[in-house]
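Data block below; observations after.
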Amino acid sequence: GEERGYAVIGALGGVASSTAVAWGFARESRRDQSLGAAYAVGVVAACTVLFPRVVVVVSLLNPDVALAVLPYLAAPFVAGAAFSMWGGRAHRTSGEPAESMPRSPLRLGTALQMAAAFQLVLLLMVIVRRHFGDAGVYTSAALFGATDVDALSVAMTRTGDAAFVPVAARAIGVGIASNTLLKLGLTLVIGRGAFRRRTAFALTVMLATLVASLLLLP
């Protein structure tokens with residue numbers, strides 16, 4: 001059905017790009033505000049899937065970094081999962097397929113852009129770390145993570161230095177926080193009605209828990 005279907009669409013879209021889902025559903029909320037709550041669940045589900053997606057990718061490339069980043073992502077994941085489950089149960093399925101769906105984020109152009117971004121971020125991170133140290137890595141992570149968490153995550157697994165693992169894990173957390181802030185901005189600027197209210201509230205809580213984890217955990 002339309003209402004629960006959008007939650008599933010959002011979760012599946014989040015495997016590829018939660019930012020694309022947030023952008024697409026925010027635009028849809030302007031056209032049809034009656035499904036704003038369903039769109040909100042879809043975006044929160046996409047943003048929640050981002051956390052295990054990053055852990056899986058990082059685990060395959062550098063298990064040490066994955067173990068280090070896991071504590072930072074646990075709290076926002078639980079918050080997002082709770083909002084997704086609550087939102088999904090709050091609405092009854094209509095049993096009818098949606099008349100129109102946002103474009104899928106799984107497109108060739110996106111894949112090519114991601115491949116180019118991987119190489120660019122890898123190169124820039126090496127330069128930044130060499131000239132500016134850990135502080136420069138965190139600043140760069142905030143900038144790169146706003147638009148491409150995956151490229152940042154891959155770059156942070158190519159450390160080759162055990163002493164850099166905690167910095168790499170924290171940098172991934174900073175990048176995800178920056179990306180969540182971007183999606184919150186898209187929601188507030190582009191979204192309308194119930195979508196904007198519900199999505200903004202959920203993303204704010206997820207961002208707050210992530211920032212708190214970065215500040216409080218060693």
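Every chain in the structure tokens has a letter given in the order shown (A, B, ...), and although residue numbers restart at 1 in each chain, ligands are simply numbered from 1 in the order shown.
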
Region 58-69 of chain A environment, 12 Å, only C-alpha atoms, sequence neighbours closer than 3 positions dropped, as a CSV table (one decimal) with C-alpha atoms, in the first residue's frame:
chain,number,residue,atom,x,y,z
A,51,PHE,CA,24.2,3.3,9.9
A,52,PRO,CA,24.4,-0.4,9.3
A,53,ARG,CA,25.3,0.2,5.7
A,54,VAL,CA,28.4,2.1,6.7
A,55,VAL,CA,29.3,-0.5,9.3
A,72,TYR,CA,29.2,6.2,17.8
A,73,LEU,CA,26.4,4.9,15.5
A,74,ALA,CA,24.5,2.7,18.0
A,75,ALA,CA,22.4,5.4,19.6
A,149,VAL,CA,29.4,9.3,3.3
A,150,ASP,CA,30.4,6.2,1.4
A,151,ALA,CA,33.5,7.8,-0.2
A,152,LEU,CA,34.5,9.2,3.2
A,153,SER,CA,34.0,5.8,4.8
A,154,VAL,CA,36.1,4.0,2.3
A,155,ALA,CA,38.9,6.7,2.5
A,156,MET,CA,39.0,6.2,6.3
A,157,THR,CA,39.6,2.4,6.0
A,158,ARG,CA,42.7,3.0,4.0
A,159,THR,CA,44.7,4.2,6.9
A,160,GLY,CA,47.4,1.5,7.1
A,161,ASP,CA,48.1,2.9,10.6
A,162,ALA,CA,46.7,1.3,13.8
A,163,ALA,CA,47.2,4.6,15.7
A,164,PHE,CA,44.9,6.4,13.2
A,165,VAL,CA,41.9,4.0,13.7
A,166,PRO,CA,40.2,6.0,16.5
A,167,VAL,CA,40.6,9.2,14.4
A,168,ALA,CA,39.2,7.4,11.3
A,169,ALA,CA,36.2,6.1,13.3
A,170,ARG,CA,35.4,9.6,14.7
A,171,ALA,CA,35.8,11.1,11.3
A,172,ILE,CA,33.2,8.8,9.9
A,173,GLY,CA,30.9,9.8,12.7
A,174,VAL,CA,31.5,13.5,11.9
A,175,GLY,CA,30.8,12.9,8.3
A,176,ILE,CA,27.5,11.2,9.0
A,210,LEU,CA,25.1,11.1,17.2
A,213,SER,CA,28.1,10.0,21.2
A,214,LEU,CA,31.0,11.7,19.5
A,217,LEU,CA,32.5,8.5,24.1
A,218,PRO,CA,36.3,8.2,24.1

I want to know what sits within 9 Å of Leu35 (chain A), based on only C-alpha atoms, with residues of the same chain fewer than 2 positions away left out; could you give that as a list in words?
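That gives Glu2, Glu3, Glu28, Ser29, Asp32, Gln33, Ala37, Ala38, Tyr39, Ala40, Ala194 and Phe195 of chain A.
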
Do a neighbour search on Thr48 (chain A) at 7 Å with only C-alpha atoms, toss out local chain neighbours closer than 4 positions, and write the hits as JSON, numbers by chain.
{"A": [44, 77, 80, 81]}

Print the selection's residues with N, CA and C atoms to a file, as a PDB file, in the first residue's frame.
ATOM      1  N   VAL A  44      13.094   8.715   7.230  1.00  0.00           N
ATOM      2  CA  VAL A  44      13.713   8.265   8.479  1.00  0.00           C
ATOM      3  C   VAL A  44      14.240   6.841   8.327  1.00  0.00           C
ATOM      4  N   PHE A  77      21.163   4.969  15.534  1.00  0.00           N
ATOM      5  CA  PHE A  77      20.472   3.884  14.836  1.00  0.00           C
ATOM      6  C   PHE A  77      19.233   3.449  15.604  1.00  0.00           C
ATOM      7  N   GLY A  80      16.547   6.096  15.190  1.00  0.00           N
ATOM      8  CA  GLY A  80      15.928   6.044  13.875  1.00  0.00           C
ATOM      9  C   GLY A  80      15.029   4.838  13.714  1.00  0.00           C
ATOM     10  N   ALA A  81      15.466   3.673  14.215  1.00  0.00           N
ATOM     11  CA  ALA A  81      14.650   2.465  14.125  1.00  0.00           C
ATOM     12  C   ALA A  81      13.352   2.624  14.911  1.00  0.00           C
TER      13      ALA A  81
END

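Closest approach to Arg196 (chain A) among A:Gly145, A:Gly36, A:Pro71, A:Pro76 is made by A:Gly36 (distances from only C-alpha atoms).
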
One number please: CA of Arg30 (chain A) to CA of Ser84 (chain A), in Å, one decimal.
21.3 Å

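Between Val205 (chain A) and the residues A:Leu184, A:Ala79, A:Leu50, A:Leu143, the shortest atom-to-atom distance, using only C-alpha atoms, involves A:Ala79.
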
Can you list every residue in region 157-197 of chain A that DSSP puts in alpha helix (DSSP H), as a ChimeraX atom specification?
/A:157,165-190,193-197

Would you compute the distance between CA of Ala26 (chain A) and CA of Leu203 (chain A)? Give it in Å to one decimal.
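Between these atoms lies a distance of 13.4 Å.
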
Which is closer to Leu12 (chain A) than all the others in A:Ser178, A:Val57, A:Leu188, A:Ala45, using only C-alpha atoms?
A:Ala45

Between CA of Met206 (chain A) and CA of Phe144 (chain A), what is the distance, to one decimal in Å?
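One can read the CA of Met206 (chain A) to CA of Phe144 (chain A) distance as 19.6 Å.
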
Would you mind listing what lies within 9 Å of Leu182 (chain A) as an NGL selection string, with only C-alpha atoms counted and same-chain residues fewer than 6 positions away left out?
:A and (19 or 146-147)

Could you tell me which of A:Met85, A:Ala208, A:Ala142, A:Ala22 comes closest to Asn179 (chain A) if we count only C-alpha atoms?
A:Ala142

Pick out the closest residue to Trp86 (chain A) from this set: A:Arg4, A:Ala11, A:Thr204, A:Val137. Count only C-alpha atoms.
A:Arg4

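Compared by their closest atoms to Gly42 (chain A), and using only C-alpha atoms, the residues A:Ala16, A:Val56, A:Val8, A:Ala212 rank with A:Val8 nearest.
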